[in-house]
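Text of my_file15.cif (mmCIF, C-alpha atoms) as supplied:
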data_run
loop_
_atom_site.group_PDB
_atom_site.id
_atom_site.type_symbol
_atom_site.label_atom_id
_atom_site.label_comp_id
_atom_site.auth_asym_id
_atom_site.auth_seq_id
_atom_site.Cartn_x
_atom_site.Cartn_y
_atom_site.Cartn_z
ATOM 1 C CA MET A 1 6.889 13.649 -2.250
ATOM 2 C CA MET A 2 6.689 17.089 -3.825
ATOM 3 C CA TYR A 3 5.517 17.694 -7.381
ATOM 4 C CA ILE A 4 6.322 20.915 -9.216
ATOM 5 C CA HIS A 5 4.368 21.255 -12.447
ATOM 6 C CA LYS A 6 6.572 22.692 -15.186
ATOM 7 C CA ASP A 7 3.833 24.478 -17.103
ATOM 8 C CA SER A 8 2.106 26.281 -14.219
ATOM 9 C CA GLY A 9 4.532 26.207 -11.274
ATOM 10 C CA TYR A 10 1.851 24.544 -9.161
ATOM 11 C CA ILE A 11 3.321 22.687 -6.181
ATOM 12 C CA SER A 12 1.549 19.726 -4.652
ATOM 13 C CA VAL A 13 2.704 17.404 -1.901
ATOM 14 C CA SER A 14 1.644 13.797 -1.419
ATOM 15 C CA TYR A 15 2.559 11.329 1.267
ATOM 16 C CA PHE A 16 2.554 7.567 0.939
ATOM 17 C CA LYS A 17 2.419 5.322 3.994
ATOM 18 C CA PHE A 18 3.546 1.728 3.702
ATOM 19 C CA ASP A 19 3.396 -0.925 6.396
ATOM 20 C CA ILE A 20 7.046 -1.496 7.206
ATOM 21 C CA ASP A 21 7.880 -3.730 10.159
ATOM 22 C CA ASP A 22 9.694 -1.674 12.791
ATOM 23 C CA GLN A 23 12.064 -4.484 13.734
ATOM 24 C CA SER A 24 13.088 -6.141 10.476
ATOM 25 C CA GLY A 25 12.301 -3.438 7.942
ATOM 26 C CA GLU A 26 10.363 -5.916 5.818
ATOM 27 C CA PHE A 27 7.361 -4.771 3.837
ATOM 28 C CA ASP A 28 4.258 -6.097 5.632
ATOM 29 C CA ALA A 29 1.456 -6.696 3.144
ATOM 30 C CA ASN A 30 -0.672 -9.014 5.281
ATOM 31 C CA ARG A 31 -3.575 -7.146 6.758
ATOM 32 C CA PRO A 32 -6.799 -8.602 8.112
ATOM 33 C CA VAL A 33 -8.732 -6.048 6.022
ATOM 34 C CA PRO A 34 -7.383 -5.478 2.506
ATOM 35 C CA PHE A 35 -9.303 -2.211 2.102
ATOM 36 C CA ARG A 36 -11.871 -0.296 4.101
ATOM 37 C CA LEU A 37 -15.402 -1.532 3.459
ATOM 38 C CA THR A 38 -17.278 -0.840 6.681
ATOM 39 C CA PRO A 39 -20.949 -1.804 7.067
ATOM 40 C CA ASN A 40 -22.006 1.827 6.533
ATOM 41 C CA ILE A 41 -20.127 2.042 3.237
ATOM 42 C CA ALA A 42 -21.474 -1.335 2.115
ATOM 43 C CA GLU A 43 -25.021 -0.294 3.039
ATOM 44 C CA PHE A 44 -24.627 2.961 1.111
ATOM 45 C CA ILE A 45 -23.304 1.214 -2.008
ATOM 46 C CA SER A 46 -25.760 -1.733 -1.583
ATOM 47 C CA GLN A 47 -24.997 -5.409 -2.031
ATOM 48 C CA THR A 48 -25.476 -5.150 -5.782
ATOM 49 C CA GLY A 49 -23.106 -2.212 -5.982
ATOM 50 C CA VAL A 50 -20.453 -4.010 -3.923
ATOM 51 C CA THR A 51 -20.500 -7.222 -5.941
ATOM 52 C CA GLY A 52 -20.939 -5.476 -9.292
ATOM 53 C CA PRO A 53 -19.537 -2.007 -9.990
ATOM 54 C CA LEU A 54 -17.141 -1.866 -7.012
ATOM 55 C CA THR A 55 -15.530 -5.194 -7.875
ATOM 56 C CA ALA A 56 -15.313 -4.253 -11.554
ATOM 57 C CA ALA A 57 -13.806 -0.870 -10.678
ATOM 58 C CA ILE A 58 -11.096 -2.505 -8.547
ATOM 59 C CA VAL A 59 -10.190 -4.903 -11.369
ATOM 60 C CA SER A 60 -10.181 -2.027 -13.886
ATOM 61 C CA ALA A 61 -7.960 0.140 -11.703
ATOM 62 C CA ALA A 62 -5.502 -2.723 -11.208
ATOM 63 C CA ARG A 63 -5.443 -3.336 -14.963
ATOM 64 C CA CYS A 64 -4.711 0.352 -15.582
ATOM 65 C CA PHE A 65 -1.614 0.086 -13.381
ATOM 66 C CA VAL A 66 -0.453 -3.231 -14.848
ATOM 67 C CA GLN A 67 -1.388 -3.498 -18.517
ATOM 68 C CA PRO A 68 0.316 -0.671 -20.410
ATOM 69 C CA GLN A 69 3.554 -0.964 -18.382
ATOM 70 C CA PHE A 70 3.895 2.677 -17.370
ATOM 71 C CA LYS A 71 7.002 1.908 -15.326
ATOM 72 C CA LEU A 72 5.097 1.592 -12.068
ATOM 73 C CA GLY A 73 8.021 -0.393 -10.659
ATOM 74 C CA SER A 74 10.407 2.528 -11.171
ATOM 75 C CA ILE A 75 8.078 4.941 -9.409
ATOM 76 C CA LEU A 76 7.577 2.510 -6.529
ATOM 77 C CA LYS A 77 11.328 1.991 -6.205
ATOM 78 C CA ALA A 78 11.895 5.727 -5.796
ATOM 79 C CA ILE A 79 9.149 6.078 -3.199
ATOM 80 C CA LEU A 80 10.055 2.939 -1.260
ATOM 81 C CA ARG A 81 13.757 3.796 -1.265
ATOM 82 C CA ASP A 82 12.968 6.950 0.700
ATOM 83 C CA GLU A 83 10.695 4.996 3.059
ATOM 84 C CA PHE A 84 13.366 2.424 3.861
ATOM 85 C CA ILE A 85 16.050 5.083 4.377
ATOM 86 C CA THR A 86 13.718 6.906 6.777
ATOM 87 C CA TRP A 87 13.009 3.628 8.601
ATOM 88 C CA HIS A 88 16.749 2.962 8.940
ATOM 89 C CA LYS A 89 17.449 6.444 10.328
ATOM 90 C CA LYS A 90 14.523 6.157 12.756
ATOM 91 C CA LYS A 91 15.758 2.774 13.967
ATOM 92 C CA HIS A 92 19.295 4.147 14.406
ATOM 93 C CA ASP A 93 18.006 7.164 16.374
ATOM 94 C CA GLU A 94 16.048 4.880 18.702
ATOM 95 C CA ALA A 95 19.046 2.618 19.284
ATOM 96 C CA SER A 96 21.629 5.356 19.825
ATOM 97 C CA PRO A 97 20.177 8.852 20.236
ATOM 98 C CA GLY A 98 22.485 11.788 19.708
ATOM 99 C CA GLU A 99 24.831 10.014 17.319
ATOM 100 C CA PRO A 100 24.760 10.846 13.627
ATOM 101 C CA PRO A 101 22.964 8.097 11.683
ATOM 102 C CA THR A 102 25.025 5.783 9.536
ATOM 103 C CA ASP A 103 24.131 5.129 5.938
ATOM 104 C CA MET A 104 22.262 1.957 5.138
ATOM 105 C CA ALA A 105 24.196 -0.657 3.193
ATOM 106 C CA GLY A 106 23.400 -0.304 -0.493
ATOM 107 C CA ASP A 107 22.848 -3.991 -1.124
ATOM 108 C CA ARG A 108 20.515 -4.291 1.880
ATOM 109 C CA LEU A 109 18.550 -1.234 0.731
ATOM 110 C CA LEU A 110 18.309 -2.608 -2.793
ATOM 111 C CA GLN A 111 17.167 -5.991 -1.485
ATOM 112 C CA LEU A 112 14.414 -4.474 0.701
ATOM 113 C CA VAL A 113 13.181 -2.167 -2.059
ATOM 114 C CA ASN A 114 13.128 -4.865 -4.742
ATOM 115 C CA LYS A 115 11.317 -7.290 -2.441
ATOM 116 C CA ALA A 116 8.650 -4.692 -1.598
ATOM 117 C CA VAL A 117 8.189 -3.668 -5.252
ATOM 118 C CA LEU A 118 7.850 -7.308 -6.248
ATOM 119 C CA ALA A 119 5.192 -7.844 -3.567
ATOM 120 C CA ILE A 120 3.189 -4.811 -4.715
ATOM 121 C CA THR A 121 3.384 -5.612 -8.422
ATOM 122 C CA THR A 122 2.512 -9.265 -7.778
ATOM 123 C CA ARG A 123 -0.612 -8.221 -5.891
ATOM 124 C CA LEU A 124 -1.570 -5.858 -8.692
ATOM 125 C CA GLN A 125 -1.055 -8.619 -11.271
ATOM 126 C CA GLU A 126 -3.287 -10.930 -9.230
ATOM 127 C CA LEU A 127 -5.995 -8.271 -9.008
ATOM 128 C CA ALA A 128 -5.794 -7.458 -12.713
ATOM 129 C CA THR A 129 -6.242 -11.024 -13.949
ATOM 130 C CA PHE A 130 -9.567 -12.796 -14.000
ATOM 131 C CA ASP A 131 -11.014 -15.948 -15.516
ATOM 132 C CA GLY A 132 -14.548 -15.251 -16.627
ATOM 133 C CA ALA A 133 -16.349 -14.273 -13.435
ATOM 134 C CA VAL A 134 -13.631 -15.523 -11.073
ATOM 135 C CA SER A 135 -11.239 -12.896 -9.747
ATOM 136 C CA ARG A 136 -8.992 -12.357 -6.738
ATOM 137 C CA VAL A 137 -11.090 -9.275 -5.970
ATOM 138 C CA GLY A 138 -14.060 -11.573 -5.376
ATOM 139 C CA LYS A 139 -12.126 -13.068 -2.453
ATOM 140 C CA LEU A 140 -10.952 -9.715 -1.067
ATOM 141 C CA VAL A 141 -14.411 -8.132 -0.868
ATOM 142 C CA PRO A 142 -15.771 -10.693 1.654
ATOM 143 C CA LEU A 143 -12.572 -10.313 3.702
ATOM 144 C CA ALA A 144 -13.077 -6.557 3.819
ATOM 145 C CA HIS A 145 -16.731 -6.973 4.801
ATOM 146 C CA ASN A 146 -16.214 -9.680 7.461
ATOM 147 C CA PHE A 147 -17.011 -8.404 10.985
ATOM 148 C CA ASP A 148 -14.200 -10.432 12.583
ATOM 149 C CA ASN A 149 -11.672 -8.832 10.237
ATOM 150 C CA LEU A 150 -13.151 -5.359 10.754
ATOM 151 C CA CYS A 151 -12.526 -5.734 14.495
ATOM 152 C CA ARG A 152 -8.824 -6.398 13.815
ATOM 153 C CA MET A 153 -8.223 -3.557 11.356
ATOM 154 C CA ASP A 154 -6.015 -0.578 12.095
ATOM 155 C CA PRO A 155 -7.877 1.873 14.390
ATOM 156 C CA SER A 156 -7.031 4.781 12.092
ATOM 157 C CA TRP A 157 -9.345 3.192 9.510
ATOM 158 C CA HIS A 158 -12.343 3.258 11.836
ATOM 159 C CA PRO A 159 -15.245 5.492 10.766
ATOM 160 C CA TRP A 160 -15.047 7.955 13.646
ATOM 161 C CA LEU A 161 -11.748 9.391 12.434
#

Taking this structure as input, can you express it in the form of structure tokens?
Amino acid sequence: MMYIHKDSGYISVSYFKFDIDDQSGEFDANRPVPFRLTPNIAEFISQTGVTGPLTAAIVSAARCFVQPQFKLGSILKAILRDEFITWHKKKHDEASPGEPPTDMAGDRLLQLVNKAVLAITTRLQELATFDGAVSRVGKLVPLAHNFDNLCRMDPSWHPWL
């Protein structure tokens, strides 16, 4: 995605990577590690920092995305639409190389995008809500710190890269 700032002419490019299943095109939100919290990072932050400020910062960030309704869904729809179109063209090129790719059916594209946006916003809503000291983030932090889950995480998240 390319941003051109109107006041200065500054151009910046950002890239978003979503886990889209190569076969079905469904948005895959189930990972063994919800975010990267390797033992080195946890040791640097300390146990108190992980359970206190880090957890509070995750809840606060989720609330910033959810609470004032800044049309996050509309932004996600635009980004995910491009991702699903790219996935469709890639799948078509693998199936029949050399042929021009066909357009994806509009209703199928809309269904995939809406389902993915709903999954993302639902997860953000779950992270943003808390009852006293109980929060969904309190369950995600031990998952991210569990050695069995760290062994199953995507290799590109490993610390040597």

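The smallest atom-to-atom distance between Glu126 (chain A) and any of A:Lys77, A:Arg63, A:Lys91, A:His145, using all atoms listed in the file, is found for A:Arg63.
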
Evaluate the PyMOL selection byres ((chain A and resi 149) around 12) and report residues as a PyMOL selection string:
chain A and resi 31-38+140-148+150-154

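Of the residues under consideration (A:Ala119, A:Ala56, A:Val134, A:Val113), A:Val113 shows the shortest atom-to-atom contact distance to Ile79 (chain A) when counting all atoms listed in the file.
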
Near Lys89 (chain A), within 12 Å and counting all atoms listed in the file, which residues show up once chain neighbours fewer than 2 positions away are dropped, as a count of residues only?
22

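Take CA of Val66 (chain A) and CA of Asn30 (chain A): the distance between them is 20.9 Å.
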
Expanded to explicit residues, what is the PyMOL selection byres ((chain A and resi 16) around 9) for this file, as number ranges by chain?
A: 1, 14-15, 17-18, 79, 83

Neighbours of region 53-55 of chain A within 8 Å (only C-alpha atoms; same-chain residues fewer than 5 positions away dropped), as a VMD selection string?
chain A and resid 48 137 to 138 141

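Across the chains present, the PyMOL selection byres ((chain A and resi 59) around 9) applied to this file returns Leu54, Thr55, Ala56, Ala57, Ile58, Ser60, Ala61, Ala62, Arg63, Cys64, Leu127, Ala128, Thr129, Phe130, Ser135, Arg136 and Val137 of chain A.
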
Taking only N, CA, C and O atoms, show region 7-25 of chain A of the given structure as a short mmCIF file (atom, residue, chain, number, x, y, z; two decimals), in the first residue's frame.
data_model
loop_
_atom_site.label_atom_id
_atom_site.label_comp_id
_atom_site.auth_asym_id
_atom_site.auth_seq_id
_atom_site.Cartn_x
_atom_site.Cartn_y
_atom_site.Cartn_z
N ASP A 7 0.28 17.18 2.20
CA ASP A 7 0.93 18.43 2.59
C ASP A 7 2.41 18.48 2.23
O ASP A 7 2.95 19.53 1.93
N SER A 8 3.10 17.33 2.22
CA SER A 8 4.54 17.35 1.99
C SER A 8 4.97 16.60 0.73
O SER A 8 6.10 16.77 0.29
N GLY A 9 4.12 15.76 0.18
CA GLY A 9 4.49 14.95 -0.97
C GLY A 9 5.31 13.73 -0.60
O GLY A 9 5.82 13.02 -1.46
N TYR A 10 5.44 13.48 0.69
CA TYR A 10 6.20 12.33 1.18
C TYR A 10 5.48 11.05 0.78
O TYR A 10 4.27 10.92 0.94
N ILE A 11 6.24 10.09 0.24
CA ILE A 11 5.68 8.81 -0.17
C ILE A 11 6.22 7.72 0.75
O ILE A 11 7.43 7.62 0.96
N SER A 12 5.32 6.94 1.30
CA SER A 12 5.75 5.81 2.11
C SER A 12 4.96 4.57 1.66
O SER A 12 3.82 4.67 1.24
N VAL A 13 5.62 3.43 1.76
CA VAL A 13 5.02 2.18 1.32
C VAL A 13 4.98 1.23 2.51
O VAL A 13 5.94 1.12 3.27
N SER A 14 3.84 0.58 2.70
CA SER A 14 3.73 -0.43 3.75
C SER A 14 3.14 -1.69 3.15
O SER A 14 2.39 -1.64 2.18
N TYR A 15 3.51 -2.80 3.74
CA TYR A 15 3.04 -4.09 3.25
C TYR A 15 2.44 -4.85 4.42
O TYR A 15 3.03 -4.93 5.49
N PHE A 16 1.27 -5.40 4.22
CA PHE A 16 0.60 -6.19 5.23
C PHE A 16 0.56 -7.63 4.76
O PHE A 16 0.25 -7.91 3.60
N LYS A 17 0.89 -8.55 5.66
CA LYS A 17 0.86 -9.97 5.30
C LYS A 17 -0.15 -10.66 6.20
O LYS A 17 -0.04 -10.62 7.41
N PHE A 18 -1.12 -11.29 5.58
CA PHE A 18 -2.15 -12.02 6.29
C PHE A 18 -2.00 -13.50 5.97
O PHE A 18 -1.57 -13.87 4.88
N ASP A 19 -2.36 -14.34 6.93
CA ASP A 19 -2.30 -15.78 6.71
C ASP A 19 -3.55 -16.22 5.96
O ASP A 19 -4.61 -16.38 6.54
N ILE A 20 -3.39 -16.40 4.67
CA ILE A 20 -4.48 -16.86 3.82
C ILE A 20 -4.14 -18.26 3.36
O ILE A 20 -3.05 -18.52 2.85
N ASP A 21 -5.06 -19.19 3.57
CA ASP A 21 -4.86 -20.58 3.17
C ASP A 21 -4.71 -20.65 1.66
O ASP A 21 -5.54 -20.11 0.91
N ASP A 22 -3.66 -21.32 1.19
CA ASP A 22 -3.40 -21.38 -0.25
C ASP A 22 -4.45 -22.16 -1.02
O ASP A 22 -4.68 -21.90 -2.19
N GLN A 23 -5.10 -23.11 -0.39
CA GLN A 23 -6.08 -23.94 -1.09
C GLN A 23 -7.46 -23.30 -1.12
O GLN A 23 -8.06 -23.16 -2.17
N SER A 24 -7.97 -22.93 0.06
CA SER A 24 -9.36 -22.46 0.13
C SER A 24 -9.49 -20.94 0.05
O SER A 24 -10.57 -20.44 -0.24
N GLY A 25 -8.43 -20.22 0.35
CA GLY A 25 -8.52 -18.77 0.36
C GLY A 25 -9.10 -18.21 1.64
O GLY A 25 -9.32 -17.02 1.76
#
